[in-house]
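Take a look at the structure set out below.
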Amino acid sequence: MKSTGKIKMLFVFAIAMMFASNVQAQETKEATNYDQGFRLGFGVNAGYSVSDPYKLALGADARVQYDLSKRYSLTLTTGYSNLFVSKADGNDLGFIPAKAGFKAFVWNDQFYVMGEAGAAFAVTNDYNKTSLLLSPSIGYASKYIDVSLHYEHYSDFEKLNNNGSVGKGFGQVGVRVAYGFKL
């Protein structure tokens, strides 16, 4: 019986060694677009509000990005955006967004997903509100060009409900086109 136990142990050891010899460290593909360090980008935004009284949204921004690795980056974004009212009797809403975010490249080091959070500071028409701002996005980035589709939600800005009453919180769907470069 002792020799059978030794043969079983030798058999298990041989199989384990076969699997161990096939184990290799994962190869990481080198990114060709983003080396570790800082990048700066300037973008223009156009969007459409999903709630009344606003419809069209236009803006411009500046984004600083720090690459933690070849696939992950931290971002800081600010600029100016304006939401235009759909009726002539309303006031447009202009605000300054200030957002921090996390960007992860998920395919070919060019396609990414990003989440941002921050505040939107109203600056027009005696409207002294600040709103929480949340913004998920998906996009494509090359060495210099960045194009993304995003949704922005403003939790504290006022909107018109279907019954004509005033409520809080609305969003917009938008497109951002930017030019970026290494610092």
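Order determines the names: the first chain of the structure tokens is A, the second B, and so forth; residues in each chain are numbered 1 upward, and ligands are numbered 1 upward as they are shown.
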| message | Need the shell around region 116-126 of chain A: protein/DNA/RNA residues with any atom at most 9 Å away, counting only C-alpha atoms. Skip same-chain ones fewer than 2 positions apart. Format as a PyMOL selection string? | response | chain A and resi 75-77+91-103+114+128-137+154+157
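Proximity ranking of A:Gly180, A:Asn82, A:Gly47, A:Ala57 relative to Leu149 (chain A) places A:Gly47 first, based on only C-alpha atoms.
Take the candidates A:Asn108, A:Asn45, A:Gln36, A:Ser51 and check each one against Gly167 (chain A) using only C-alpha atoms; the shortest distance goes to A:Ser51.
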| query | If you count only C-alpha atoms, which residues fall within 8 Å of Phe42 (chain A), apart from same-chain ones fewer than 3 positions away, as number ranges by chain? | reply | A: 60-63, 178-180
Mind dumping the selected residues with all heavy atoms as an mmCIF file, in the first residue's frame?
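Dumped to result_14.cif:
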```
data_model
loop_
_atom_site.group_PDB
_atom_site.id
_atom_site.type_symbol
_atom_site.label_atom_id
_atom_site.label_comp_id
_atom_site.auth_asym_id
_atom_site.auth_seq_id
_atom_site.Cartn_x
_atom_site.Cartn_y
_atom_site.Cartn_z
ATOM 1 N N ALA A 60 -17.812 74.846 -23.658
ATOM 2 C CA ALA A 60 -16.396 74.608 -23.933
ATOM 3 C C ALA A 60 -15.736 74.230 -22.617
ATOM 4 O O ALA A 60 -16.190 74.647 -21.547
ATOM 5 C CB ALA A 60 -15.746 75.850 -24.528
ATOM 6 N N ASP A 61 -14.669 73.431 -22.691
ATOM 7 C CA ASP A 61 -14.012 73.018 -21.457
ATOM 8 C C ASP A 61 -12.521 72.813 -21.641
ATOM 9 O O ASP A 61 -12.019 72.772 -22.762
ATOM 10 C CB ASP A 61 -14.652 71.742 -20.894
ATOM 11 C CG ASP A 61 -14.474 70.527 -21.785
ATOM 12 O OD1 ASP A 61 -13.386 70.327 -22.346
ATOM 13 O OD2 ASP A 61 -15.427 69.747 -21.922
ATOM 14 N N ALA A 62 -11.857 72.703 -20.512
ATOM 15 C CA ALA A 62 -10.434 72.340 -20.459
ATOM 16 C C ALA A 62 -10.318 71.170 -19.501
ATOM 17 O O ALA A 62 -10.941 71.172 -18.429
ATOM 18 C CB ALA A 62 -9.596 73.513 -19.980
ATOM 19 N N ARG A 63 -9.541 70.174 -19.888
ATOM 20 C CA ARG A 63 -9.390 68.966 -19.058
ATOM 21 C C ARG A 63 -7.915 68.662 -18.872
ATOM 22 O O ARG A 63 -7.157 68.583 -19.832
ATOM 23 C CB ARG A 63 -10.082 67.779 -19.711
ATOM 24 C CG ARG A 63 -9.913 66.478 -18.927
ATOM 25 C CD ARG A 63 -10.672 65.328 -19.547
ATOM 26 N NE ARG A 63 -12.096 65.571 -19.391
ATOM 27 C CZ ARG A 63 -13.030 65.035 -20.171
ATOM 28 N NH1 ARG A 63 -12.679 64.229 -21.160
ATOM 29 N NH2 ARG A 63 -14.299 65.299 -19.973
ATOM 30 N N ALA A 178 -12.578 67.081 -28.635
ATOM 31 C CA ALA A 178 -11.477 67.805 -27.998
ATOM 32 C C ALA A 178 -10.156 67.532 -28.703
ATOM 33 O O ALA A 178 -9.969 66.518 -29.367
ATOM 34 C CB ALA A 178 -11.365 67.395 -26.542
ATOM 35 N N TYR A 179 -9.250 68.485 -28.515
ATOM 36 C CA TYR A 179 -7.873 68.354 -28.958
ATOM 37 C C TYR A 179 -7.018 68.295 -27.704
ATOM 38 O O TYR A 179 -7.125 69.156 -26.834
ATOM 39 C CB TYR A 179 -7.470 69.546 -29.832
ATOM 40 C CG TYR A 179 -6.006 69.516 -30.217
ATOM 41 C CD1 TYR A 179 -5.560 68.677 -31.232
ATOM 42 C CD2 TYR A 179 -5.068 70.290 -29.536
ATOM 43 C CE1 TYR A 179 -4.222 68.634 -31.582
ATOM 44 C CE2 TYR A 179 -3.725 70.245 -29.881
ATOM 45 C CZ TYR A 179 -3.315 69.413 -30.901
ATOM 46 O OH TYR A 179 -1.985 69.356 -31.233
ATOM 47 N N GLY A 180 -6.156 67.272 -27.595
ATOM 48 C CA GLY A 180 -5.320 67.121 -26.417
ATOM 49 C C GLY A 180 -3.868 66.853 -26.775
ATOM 50 O O GLY A 180 -3.556 66.421 -27.889
#
```
| message | Using Å and a single decimal, report how far CA of Ser148 (chain A) sits from CA of Gly41 (chain A). | response | 12.8 Å
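Every residue of region 128-158 of chain A found in strand (DSSP E) when DSSP is run on the backbone appears here: Thr130, Ser131, Leu132, Leu133, Leu134, Ser135, Pro136, Ser137, Ile138, Gly139, Tyr140, Ala141, Ile145, Asp146, Val147, Ser148, Leu149, His150, Tyr151, Glu152, His153, Tyr154, Ser155, Asp156, Phe157 and Glu158 of chain A.
Residues in contact with Phe170 (chain A) at 12 Å, where only C-alpha atoms are counted and same-chain residues fewer than 5 positions away are skipped, are listed as Tyr48, Ser49, Val50, Ser51, Asp52, Pro53, Tyr54, Lys55, Leu83, Ser131, Leu132, Leu133, Leu134, Tyr151, Glu152, His153, Tyr154, Ser155, Asp156, Phe157, Glu158, Lys159, Leu160 and Asn161 of chain A.
Picture a line from CA of Gly59 (chain A) to CA of Phe105 (chain A); it runs 24.9 Å.
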